[in-house]
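The structure file final_4.cif is reproduced below (mmCIF, C-alpha atoms and all ligand atoms).
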data_final
loop_
_atom_site.label_atom_id
_atom_site.label_comp_id
_atom_site.auth_asym_id
_atom_site.auth_seq_id
_atom_site.Cartn_x
_atom_site.Cartn_y
_atom_site.Cartn_z
CA MET A 131 19.10 85.05 -105.85
CA PRO A 132 16.06 84.60 -108.11
CA THR A 133 12.75 85.93 -106.76
CA PRO A 134 9.99 83.37 -105.96
CA GLN A 135 8.21 84.55 -109.14
CA GLU A 136 11.31 83.93 -111.22
CA THR A 137 11.77 80.49 -109.66
CA ALA A 138 8.13 79.61 -110.40
CA ARG A 139 8.48 80.84 -113.98
CA LEU A 140 11.66 78.82 -114.47
CA GLU A 141 9.94 75.72 -113.06
CA GLN A 142 7.07 76.24 -115.49
CA ILE A 143 9.40 76.57 -118.47
CA LYS A 144 11.30 73.45 -117.34
CA LYS A 145 8.05 71.49 -116.98
CA SER A 146 6.72 72.47 -120.39
CA TRP A 147 10.11 71.68 -121.97
CA GLN A 148 10.16 68.25 -120.29
CA GLN A 149 6.59 67.63 -121.42
CA LYS A 150 7.49 68.49 -125.02
CA ARG A 151 10.54 66.22 -124.90
CA GLN A 152 8.49 63.37 -123.47
CA ILE A 153 5.92 63.77 -126.24
CA THR A 154 8.64 63.83 -128.89
CA ASP A 155 10.13 60.62 -127.38
CA ARG A 156 6.69 58.97 -127.29
CA LEU A 157 6.08 59.74 -130.92
CA GLY A 158 9.64 58.89 -131.91
CA LYS A 159 8.69 55.55 -133.48
CA ILE A 160 6.01 57.13 -135.69
CA LYS A 161 7.33 57.88 -139.16
CA THR A 162 4.67 60.33 -140.39
CA LYS A 163 2.16 62.47 -138.48
CA ILE A 164 -0.72 64.07 -140.38
CA GLY A 165 -3.44 66.37 -139.01
CA VAL A 166 -6.90 66.54 -140.62
CA TYR A 167 -8.22 70.05 -140.18
CA SER A 168 -10.75 72.61 -141.42
CA GLY A 169 -11.88 76.14 -140.72
CA LYS A 170 -15.55 75.22 -140.50
CA GLY A 171 -17.39 72.50 -138.57
CA GLY A 172 -19.17 69.59 -140.21
CA VAL A 173 -17.21 69.59 -143.48
CA GLY A 174 -16.19 65.95 -143.04
CA LYS A 175 -12.88 65.95 -141.13
CA THR A 176 -13.73 62.89 -139.04
CA THR A 177 -15.05 61.10 -142.14
CA VAL A 178 -11.83 61.89 -144.04
CA ALA A 179 -9.56 61.04 -141.07
CA VAL A 180 -11.22 57.64 -140.47
CA ASN A 181 -11.38 56.62 -144.14
CA LEU A 182 -7.85 57.82 -144.83
CA ALA A 183 -6.57 55.82 -141.83
CA VAL A 184 -8.32 52.59 -142.87
CA THR A 185 -7.19 53.09 -146.49
CA LEU A 186 -3.55 53.46 -145.43
CA ALA A 187 -3.93 50.36 -143.23
CA LYS A 188 -5.52 48.40 -146.09
CA GLN A 189 -2.46 49.28 -148.18
CA GLY A 190 -0.27 47.47 -145.64
CA ASN A 191 0.86 50.38 -143.45
CA SER A 192 0.76 50.41 -139.66
CA VAL A 193 -1.59 53.25 -138.78
CA GLY A 194 -2.81 55.10 -135.67
CA LEU A 195 -5.76 57.44 -135.37
CA LEU A 196 -5.88 60.06 -132.61
CA ASP A 197 -9.07 62.00 -131.89
CA VAL A 198 -8.24 65.29 -130.21
CA ASP A 199 -11.71 66.77 -130.61
CA ILE A 200 -12.31 67.18 -126.89
CA ASP A 201 -15.82 68.65 -127.16
CA CYS A 202 -17.28 66.20 -129.69
CA PRO A 203 -15.05 63.15 -129.99
CA ASN A 204 -16.61 61.13 -132.85
CA VAL A 205 -13.83 58.87 -134.09
CA ALA A 206 -14.66 55.87 -131.87
CA LYS A 207 -18.29 56.02 -132.94
CA VAL A 208 -17.46 56.20 -136.66
CA MET A 209 -14.94 53.35 -136.23
CA GLY A 210 -17.53 51.31 -134.31
CA ILE A 211 -15.31 50.89 -131.23
CA THR A 212 -17.21 50.05 -128.06
CA GLU A 213 -14.50 48.59 -125.83
CA LYS A 214 -12.24 50.80 -123.70
CA PRO A 215 -8.48 50.86 -124.31
CA ASP A 216 -6.17 48.90 -122.01
CA TYR A 217 -4.05 50.52 -119.33
CA VAL A 218 -0.75 48.83 -118.60
CA ASP A 219 1.63 50.41 -116.05
CA GLY A 220 -0.06 53.78 -116.42
CA GLN A 221 0.18 53.66 -120.21
CA ILE A 222 -2.72 53.79 -122.63
CA ILE A 223 -2.69 50.90 -125.10
CA PRO A 224 -4.81 51.98 -128.09
CA ALA A 225 -7.95 50.10 -129.10
CA GLU A 226 -7.70 48.44 -132.52
CA LYS A 227 -10.27 48.19 -135.33
CA TRP A 228 -10.11 47.75 -139.12
CA GLY A 229 -6.34 47.47 -138.79
CA VAL A 230 -6.02 50.90 -137.14
CA LYS A 231 -4.95 51.74 -133.56
CA VAL A 232 -7.33 54.29 -132.06
CA VAL A 233 -7.23 56.68 -129.11
CA SER A 234 -10.08 59.10 -128.50
CA MET A 235 -11.20 61.39 -125.72
CA SER A 236 -14.54 59.59 -125.85
CA PHE A 237 -12.81 56.58 -124.19
CA PHE A 238 -12.71 58.66 -121.03
CA GLN A 239 -16.36 59.74 -121.07
CA GLU A 240 -18.85 57.88 -118.92
CA ASN A 241 -21.52 57.90 -121.62
CA GLN A 242 -21.60 59.02 -125.25
CA ASP A 243 -24.01 61.92 -124.73
CA GLU A 244 -21.96 63.47 -121.97
CA ALA A 245 -20.93 67.01 -122.88
CA ILE A 246 -17.34 67.95 -122.19
CA ILE A 247 -17.13 71.61 -121.31
CA TRP A 248 -13.53 72.45 -120.66
CA ARG A 249 -11.56 75.61 -120.78
CA GLY A 250 -8.29 76.24 -122.61
CA PRO A 251 -5.72 75.08 -120.01
CA MET A 252 -7.69 71.90 -119.27
CA ILE A 253 -7.89 71.08 -122.97
CA HIS A 254 -4.16 71.66 -123.27
CA ASN A 255 -3.48 69.39 -120.26
CA ALA A 256 -5.79 66.62 -121.49
CA ILE A 257 -4.16 66.54 -124.91
CA THR A 258 -0.61 66.63 -123.59
CA GLN A 259 -1.44 63.84 -121.10
CA PHE A 260 -2.88 61.78 -123.93
CA LEU A 261 0.24 62.32 -125.96
CA GLN A 262 2.53 61.49 -123.05
CA ALA A 263 0.65 58.37 -121.93
CA THR A 264 -0.18 56.57 -125.19
CA ASP A 265 2.03 53.71 -126.28
CA TRP A 266 1.60 53.70 -130.08
CA ASP A 267 4.72 51.59 -130.64
CA GLU A 268 5.96 51.68 -134.24
CA LEU A 269 3.69 53.31 -136.81
CA ASP A 270 4.04 54.32 -140.44
CA TYR A 271 1.30 56.94 -140.07
CA LEU A 272 -0.51 58.71 -137.27
CA VAL A 273 -3.66 60.51 -138.46
CA VAL A 274 -4.91 63.19 -136.05
CA ASP A 275 -8.56 64.24 -136.25
CA LEU A 276 -8.85 67.87 -135.13
CA PRO A 277 -11.82 69.99 -134.15
CA PRO A 278 -12.58 72.91 -136.49
CA GLY A 279 -11.37 76.48 -136.24
CA THR A 280 -8.57 78.21 -134.45
CA SER A 281 -9.41 77.16 -130.88
CA ASP A 282 -7.22 75.70 -128.10
CA SER A 283 -7.08 72.11 -129.16
CA PRO A 284 -5.78 72.54 -132.74
CA LEU A 285 -3.34 75.11 -131.38
CA THR A 286 -2.08 72.67 -128.71
CA VAL A 287 -1.55 69.98 -131.34
CA MET A 288 0.22 72.36 -133.69
CA GLN A 289 2.53 73.64 -130.95
CA ASN A 290 3.26 70.36 -129.14
CA LEU A 291 3.24 67.61 -131.71
CA PRO A 292 6.03 67.42 -134.25
CA MET A 293 3.58 67.18 -137.19
CA ASP A 294 4.68 66.51 -140.77
CA GLY A 295 1.78 68.61 -141.97
CA PHE A 296 -1.95 69.10 -142.34
CA LEU A 297 -4.58 68.01 -144.77
CA VAL A 298 -7.31 70.67 -145.05
CA VAL A 299 -10.88 69.55 -145.75
CA SER A 300 -13.06 72.04 -147.61
CA THR A 301 -16.32 71.95 -149.55
CA PRO A 302 -17.36 72.90 -153.08
CA GLN A 303 -18.80 76.16 -151.70
CA ASP A 304 -16.87 79.40 -151.53
CA LEU A 305 -18.06 80.49 -148.08
CA ALA A 306 -16.51 77.48 -146.36
CA ASN A 307 -13.33 78.17 -148.27
CA LEU A 308 -13.03 81.57 -146.64
CA ASP A 309 -12.76 79.73 -143.30
CA ALA A 310 -10.41 77.21 -144.88
CA LYS A 311 -8.12 80.06 -145.93
CA ARG A 312 -8.07 81.30 -142.35
CA CYS A 313 -7.02 77.90 -141.05
CA ILE A 314 -4.38 77.53 -143.76
CA ASN A 315 -2.97 80.90 -142.63
CA MET A 316 -2.84 79.62 -139.04
CA ILE A 317 -0.94 76.47 -140.06
CA ARG A 318 1.55 78.51 -142.05
CA LYS A 319 1.97 81.18 -139.36
CA LEU A 320 3.19 78.39 -137.08
CA ASN A 321 5.68 77.38 -139.80
CA LEU A 322 3.93 74.09 -140.47
CA ASN A 323 3.14 72.41 -143.79
CA VAL A 324 -0.18 72.39 -145.63
CA LEU A 325 0.07 68.98 -147.30
CA GLY A 326 -3.00 69.65 -149.42
CA VAL A 327 -6.71 70.31 -149.79
CA VAL A 328 -9.47 67.67 -150.05
CA GLU A 329 -12.89 68.72 -151.33
CA ASN A 330 -15.77 66.87 -149.63
CA TYR A 331 -19.48 66.80 -150.56
CA THR A 332 -18.72 67.04 -154.29
CA GLY A 333 -21.64 66.37 -156.64
CA GLU A 334 -24.86 67.65 -158.14
CA ILE A 335 -26.16 69.25 -154.97
CA PHE A 336 -23.18 71.38 -153.92
CA GLY A 337 -21.26 71.36 -157.21
CA HIS A 338 -17.52 70.94 -157.45
CA GLY A 339 -14.32 72.89 -158.02
CA GLY A 340 -14.16 74.98 -154.83
CA GLY A 341 -11.45 72.78 -153.31
CA LYS A 342 -9.28 72.88 -156.40
CA ASN A 343 -9.65 76.66 -156.68
CA LEU A 344 -8.74 77.03 -153.02
CA ALA A 345 -5.66 74.82 -153.45
CA GLU A 346 -4.52 76.93 -156.42
CA GLU A 347 -5.14 80.16 -154.57
CA VAL A 348 -3.13 79.15 -151.50
CA GLU A 349 -0.54 77.29 -153.62
CA ALA A 350 -1.09 73.95 -151.90
CA PRO A 351 -1.47 70.55 -153.60
CA PHE A 352 -5.02 69.44 -154.43
CA LEU A 353 -5.50 65.91 -153.09
CA GLY A 354 -8.88 64.98 -154.55
CA GLU A 355 -12.67 65.13 -154.42
CA ILE A 356 -14.92 63.02 -152.16
CA ALA A 357 -18.48 62.79 -153.50
CA LEU A 358 -21.62 63.33 -151.44
CA ARG A 359 -23.18 59.86 -151.20
CA SER A 360 -25.95 58.06 -149.37
CA ALA A 361 -23.46 55.20 -148.67
CA TYR A 362 -22.28 57.16 -145.60
CA ARG A 363 -25.61 56.41 -143.91
CA ASP A 364 -24.53 52.80 -143.31
CA SER A 365 -22.50 53.06 -140.12
CA SER A 366 -21.57 49.36 -139.84
CA LYS A 367 -18.10 50.00 -141.30
CA PRO A 368 -16.00 52.97 -142.50
CA THR A 369 -17.60 53.78 -145.88
CA SER A 370 -14.41 53.26 -147.91
CA LEU A 371 -14.53 49.59 -146.85
CA LEU A 372 -18.22 49.26 -147.79
CA ASP A 373 -18.44 51.05 -151.12
CA ASP A 374 -15.92 50.50 -153.94
CA SER A 375 -16.35 54.00 -155.41
CA VAL A 376 -15.63 55.59 -152.02
CA GLY A 377 -12.70 53.19 -151.61
CA GLU A 378 -11.27 54.40 -154.94
CA GLU A 379 -11.66 58.05 -153.93
CA PHE A 380 -9.70 57.47 -150.72
CA ASP A 381 -7.05 55.40 -152.55
CA ALA A 382 -6.53 58.44 -154.79
CA VAL A 383 -6.36 60.84 -151.82
CA ALA A 384 -3.84 58.55 -150.05
CA LYS A 385 -1.69 58.41 -153.21
CA ALA A 386 -1.75 62.20 -153.64
CA LEU A 387 -0.97 62.67 -149.94
CA LYS A 388 2.07 60.37 -150.15
CA LYS A 389 3.33 62.35 -153.15
CA SER A 390 2.89 65.60 -151.24
CA LEU A 391 4.65 64.19 -148.15
CA LYS A 392 7.62 63.22 -150.31
CA GLU A 393 7.72 66.72 -151.80
CA PHE A 394 7.78 68.19 -148.30
CA GLY A 395 10.66 65.87 -147.44
CA SER A 396 8.67 63.56 -145.12
CA GLU A 397 8.99 59.83 -145.02
CA ALA A 398 6.01 58.31 -146.86
CA ALA A 399 5.63 54.53 -146.76
N1 LIG B 401 -19.11 62.69 -148.64
C1 LIG B 401 -20.11 62.55 -147.80
N2 LIG B 401 -21.33 62.12 -148.21
C2 LIG B 401 -22.35 61.97 -147.33
N3 LIG B 401 -22.26 62.23 -146.04
C3 LIG B 401 -21.09 62.67 -145.55
C4 LIG B 401 -19.95 62.84 -146.41
N4 LIG B 401 -18.92 63.27 -145.63
C5 LIG B 401 -19.38 63.37 -144.37
N5 LIG B 401 -20.68 63.01 -144.32
C6 LIG B 401 -21.55 63.00 -143.13
O1 LIG B 401 -21.64 64.35 -142.66
C7 LIG B 401 -21.64 64.38 -141.24
C8 LIG B 401 -20.53 65.28 -140.74
O2 LIG B 401 -19.28 64.70 -141.08
P1 LIG B 401 -18.06 64.67 -140.06
O3 LIG B 401 -18.49 64.30 -138.71
O4 LIG B 401 -17.00 63.86 -140.70
O5 LIG B 401 -17.65 66.20 -140.09
P2 LIG B 401 -16.58 66.96 -139.18
O6 LIG B 401 -15.94 68.00 -140.05
O7 LIG B 401 -15.69 65.99 -138.51
O8 LIG B 401 -17.52 67.64 -138.10
P3 LIG B 401 -17.06 68.40 -136.75
O9 LIG B 401 -16.58 69.74 -137.20
O10 LIG B 401 -18.31 68.46 -135.95
O11 LIG B 401 -15.96 67.58 -136.14
C9 LIG B 401 -21.54 62.94 -140.78
O12 LIG B 401 -22.82 62.46 -140.49
C10 LIG B 401 -20.96 62.21 -141.99
O13 LIG B 401 -21.37 60.85 -142.07
MG MG B 402 -15.21 65.72 -136.44
#
Encoded form using structure tokens:
Amino acid sequence: MPTPQETARLEQIKKSWQQKRQITDRLGKIKTKIGVYSGKGGVGKTTVAVNLAVTLAKQGNSVGLLDVDIDCPNVAKVMGITEKPDYVDGQIIPAEKWGVKVVSMSFFQENQDEAIIWRGPMIHNAITQFLQATDWDELDYLVVDLPPGTSDSPLTVMQNLPMDGFLVVSTPQDLANLDAKRCINMIRKLNLNVLGVVENYTGEIFGHGGGKNLAEEVEAPFLGEIALRSAYRDSSKPTSLLDDSVGEEFDAVAKALKKSLKEFGSEAA
């Protein structure tokens, strides 16, 4: 006879296994899942995730964008989404804008300034519920915008979502790249793929080359440079749809990413 503790433990293992299977089933019709990640905050993950998603959609792919930054969910704001997603039979139907299906934690906040202060297990539960409840239908790509660092929410995504790999955003400066190296180590420790490095904020002010050096050092593909530009101040649309030069930069990143996905054996549309 198992002890009550053993029974409880077994129940817990069963539940987490069922949860994982449900998530895998849910995401079964998504061909390619890419996380956008960095070691340091504010390097441009959300900017890269949003513009990459709209670029892939513009190229004719079906694309989803999932914001798992529980503390500061910014994707809906950058995408200009004001309406809430639909619920049908307990399922979340993603909002849609610029050809991209979007789900963000901010949809469940009462107002935009509300702070979400949650601890590890709650973050884990919120993300797994999101993943279990969202009906993405068929997608060529799901882009996941992650919060920075090695905290609970990137860890939950890495352990529960069958990801094809991660795109790491870094800056031209060496200090940020130290943090980037730490996050690359975390991805690899979990036996996941680093699809490549993108350097953001390239230009006269911060210089350039740090991202490429980092990519060489960690033996990951370099996916391109995104220049620091005033065009990002216009928030009426994702900047790659407003400014041709930014559009070209993201076209190049998308092309390099597809090449990398193929090299890692993933299906790239
Ligand atoms: N290449 C760029 N040129 C000019 N401004 C930029 C550029 N990239 C990002 N920004 C701006 O920098 C700010 C921070 O970017 P963003 O929110 O994408 O960073 P993040 O890494 O997602 O931050 P967090 O770690 O808080 O999630 C935003 O206001 C964004 O518009
Ligand atoms: Mg962000």
Distance query Gln289 in chain A at most 12 Å, all atoms listed in the file, self and fewer than 5 positions along chain excluded, as an mmCIF file with C-alpha atoms, in the frame of the given file:
data_model
loop_
_atom_site.group_PDB
_atom_site.id
_atom_site.type_symbol
_atom_site.label_atom_id
_atom_site.label_comp_id
_atom_site.auth_asym_id
_atom_site.auth_seq_id
_atom_site.Cartn_x
_atom_site.Cartn_y
_atom_site.Cartn_z
ATOM 1 C CA SER A 146 6.720 72.470 -120.390
ATOM 2 C CA TRP A 147 10.110 71.680 -121.970
ATOM 3 C CA GLN A 149 6.590 67.630 -121.420
ATOM 4 C CA LYS A 150 7.490 68.490 -125.020
ATOM 5 C CA ILE A 153 5.920 63.770 -126.240
ATOM 6 C CA THR A 154 8.640 63.830 -128.890
ATOM 7 C CA HIS A 254 -4.160 71.660 -123.270
ATOM 8 C CA ILE A 257 -4.160 66.540 -124.910
ATOM 9 C CA THR A 258 -0.610 66.630 -123.590
ATOM 10 C CA ASP A 282 -7.220 75.700 -128.100
ATOM 11 C CA SER A 283 -7.080 72.110 -129.160
ATOM 12 C CA PRO A 284 -5.780 72.540 -132.740
ATOM 13 C CA MET A 316 -2.840 79.620 -139.040
ATOM 14 C CA ILE A 317 -0.940 76.470 -140.060
ATOM 15 C CA LYS A 319 1.970 81.180 -139.360
ATOM 16 C CA LEU A 320 3.190 78.390 -137.080
ATOM 17 C CA ASN A 321 5.680 77.380 -139.800
ATOM 18 C CA LEU A 322 3.930 74.090 -140.470
#
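Rounded to one decimal, CA of Ala345 in chain A and CA of Leu285 in chain A lie 22.2 Å from each other.
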**Q.** Selection: 10 Å around Val173 in chain A, only C-alpha atoms, excl. self and same-chain fewer than 5 positions, as a list of chain:residue names
**A.** A:Tyr167, A:Ser168, A:Val178, A:Pro278, A:Val299, A:Ser300, A:Thr301, A:Ala306, A:Glu329, A:Asn330, A:Tyr331
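Residues having any atom no farther than 9 Å from (-2.8, 69.3, -139.6) (counting all atoms listed in the file) are Lys163, Ile164, Gly165, Val166, Tyr167, Ser168, Val273, Val274, Asp275, Leu276, Pro284, Val287, Met288, Met293, Asp294, Gly295, Phe296, Leu297, Val298, Ile317, Leu322, Asn323, Val324 and Leu325 of chain A.
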Which residues come within 10 Å of Lys207 in chain A, counting all atoms listed in the file, excluding same-chain residues fewer than 5 positions away, as a PyMOL selection string? chain A and resi 212+234+236+242+365
Item to complete: Please identify every polymer residue within 6 Å of ligand LIG 401 (chain B), using all atoms listed in the file, and present the set as a list of chain:residue names.
Response: A:Gly171, A:Gly172, A:Val173, A:Gly174, A:Lys175, A:Thr176, A:Thr177, A:Pro277, A:Pro278, A:Asn330, A:Tyr331, A:Ile356, A:Ala357, A:Leu358, A:Arg359, A:Ser360, A:Tyr362
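Distance check against Gly279 in chain A using all atoms listed in the file: of A:Gly169, A:Arg139, A:Asn315, A:Gly210, the minimum falls on A:Gly169.
Checking A:Leu291, A:Leu261, A:Leu344, A:Val230 one by one against Ala206 in chain A, counting only C-alpha atoms, you find the shortest gap at A:Val230.
When CA of Leu272 in chain A is paired with CA of Lys161 in chain A, their separation reads 8.1 Å.
Of the listed residues A:Gln189, A:Asn204, A:Asn343, A:Gln142, the one whose atoms come nearest to ligand MG 402 (chain B) is A:Asn204, with distances taken using only C-alpha atoms and all ligand atoms.
Among the candidates A:Lys144, A:Lys170, A:His338, A:Arg151, the residue lying nearest to ligand MG 402 (chain B) is A:Lys170 (atoms considered: only C-alpha atoms and all ligand atoms).
The interatomic distance for the pair CA of Ala263 in chain A and CA of Pro292 in chain A works out to 16.2 Å.
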Of A:Leu353, A:Met235, A:Val376, A:Val180, the one sitting nearest Val198 in chain A when using all atoms listed in the file is A:Met235
With distances taken over only C-alpha atoms and all ligand atoms, the candidate from A:Gly377, A:Pro302, A:Gly341, A:Pro203 nearest ligand MG 402 (chain B) is A:Pro203
So that I can check the surroundings of Ala361 in chain A, please list as a PDB file with C-alpha atoms, in the frame of the given file every protein, DNA and RNA residue that reaches within 12 Å of it, counting all atoms listed in the file and ignoring chain neighbours fewer than 4 positions away.
ATOM      1  CA  ALA A 357     -18.480  62.790-153.500  1.00  0.00           C
ATOM      2  CA  SER A 365     -22.500  53.060-140.120  1.00  0.00           C
ATOM      3  CA  SER A 366     -21.570  49.360-139.840  1.00  0.00           C
ATOM      4  CA  LYS A 367     -18.100  50.000-141.300  1.00  0.00           C
ATOM      5  CA  PRO A 368     -16.000  52.970-142.500  1.00  0.00           C
ATOM      6  CA  THR A 369     -17.600  53.780-145.880  1.00  0.00           C
ATOM      7  CA  SER A 370     -14.410  53.260-147.910  1.00  0.00           C
ATOM      8  CA  LEU A 371     -14.530  49.590-146.850  1.00  0.00           C
ATOM      9  CA  LEU A 372     -18.220  49.260-147.790  1.00  0.00           C
ATOM     10  CA  ASP A 373     -18.440  51.050-151.120  1.00  0.00           C
ATOM     11  CA  ASP A 374     -15.920  50.500-153.940  1.00  0.00           C
ATOM     12  CA  SER A 375     -16.350  54.000-155.410  1.00  0.00           C
ATOM     13  CA  VAL A 376     -15.630  55.590-152.020  1.00  0.00           C
ATOM     14  CA  GLY A 377     -12.700  53.190-151.610  1.00  0.00           C
TER      15      GLY A 377
END
Would you give the centre and edge lengths, in Å to one decimal, of a box along x, y and z around the listed atoms of range 333-342 of chain A, with 3 Å added to each side, as AutoDock Vina command-line options?
--center_x -17.7 --center_y 70.7 --center_z -155.7 --size_x 22.9 --size_y 14.6 --size_z 10.8
Could you write range 171-195 of chain A of the block just shown to a file containing C-alpha atoms, as a short mmCIF file (atom, residue, chain, number, x, y, z; two decimals), in the first residue's frame?
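Output file out-v4.cif is given in full below:
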data_model
loop_
_atom_site.label_atom_id
_atom_site.label_comp_id
_atom_site.auth_asym_id
_atom_site.auth_seq_id
_atom_site.Cartn_x
_atom_site.Cartn_y
_atom_site.Cartn_z
CA GLY A 171 16.12 43.73 -19.67
CA GLY A 172 15.32 46.44 -22.18
CA VAL A 173 17.53 45.16 -25.01
CA GLY A 174 14.60 45.02 -27.44
CA LYS A 175 13.08 41.52 -27.13
CA THR A 176 9.48 42.72 -27.48
CA THR A 177 10.48 44.97 -30.39
CA VAL A 178 12.22 42.06 -32.13
CA ALA A 179 9.41 39.57 -31.35
CA VAL A 180 6.67 41.89 -32.70
CA ASN A 181 8.54 42.95 -35.84
CA LEU A 182 9.70 39.43 -36.58
CA ALA A 183 6.11 38.17 -36.24
CA VAL A 184 4.64 40.82 -38.57
CA THR A 185 7.50 40.27 -41.05
CA LEU A 186 6.83 36.52 -41.19
CA ALA A 187 3.11 37.26 -41.62
CA LYS A 188 3.83 39.78 -44.40
CA GLN A 189 5.78 37.02 -46.17
CA GLY A 190 2.59 34.93 -46.30
CA ASN A 191 3.03 32.74 -43.21
CA SER A 192 0.38 32.13 -40.56
CA VAL A 193 1.88 33.51 -37.37
CA GLY A 194 1.05 33.65 -33.64
CA LEU A 195 2.64 35.82 -30.99
#
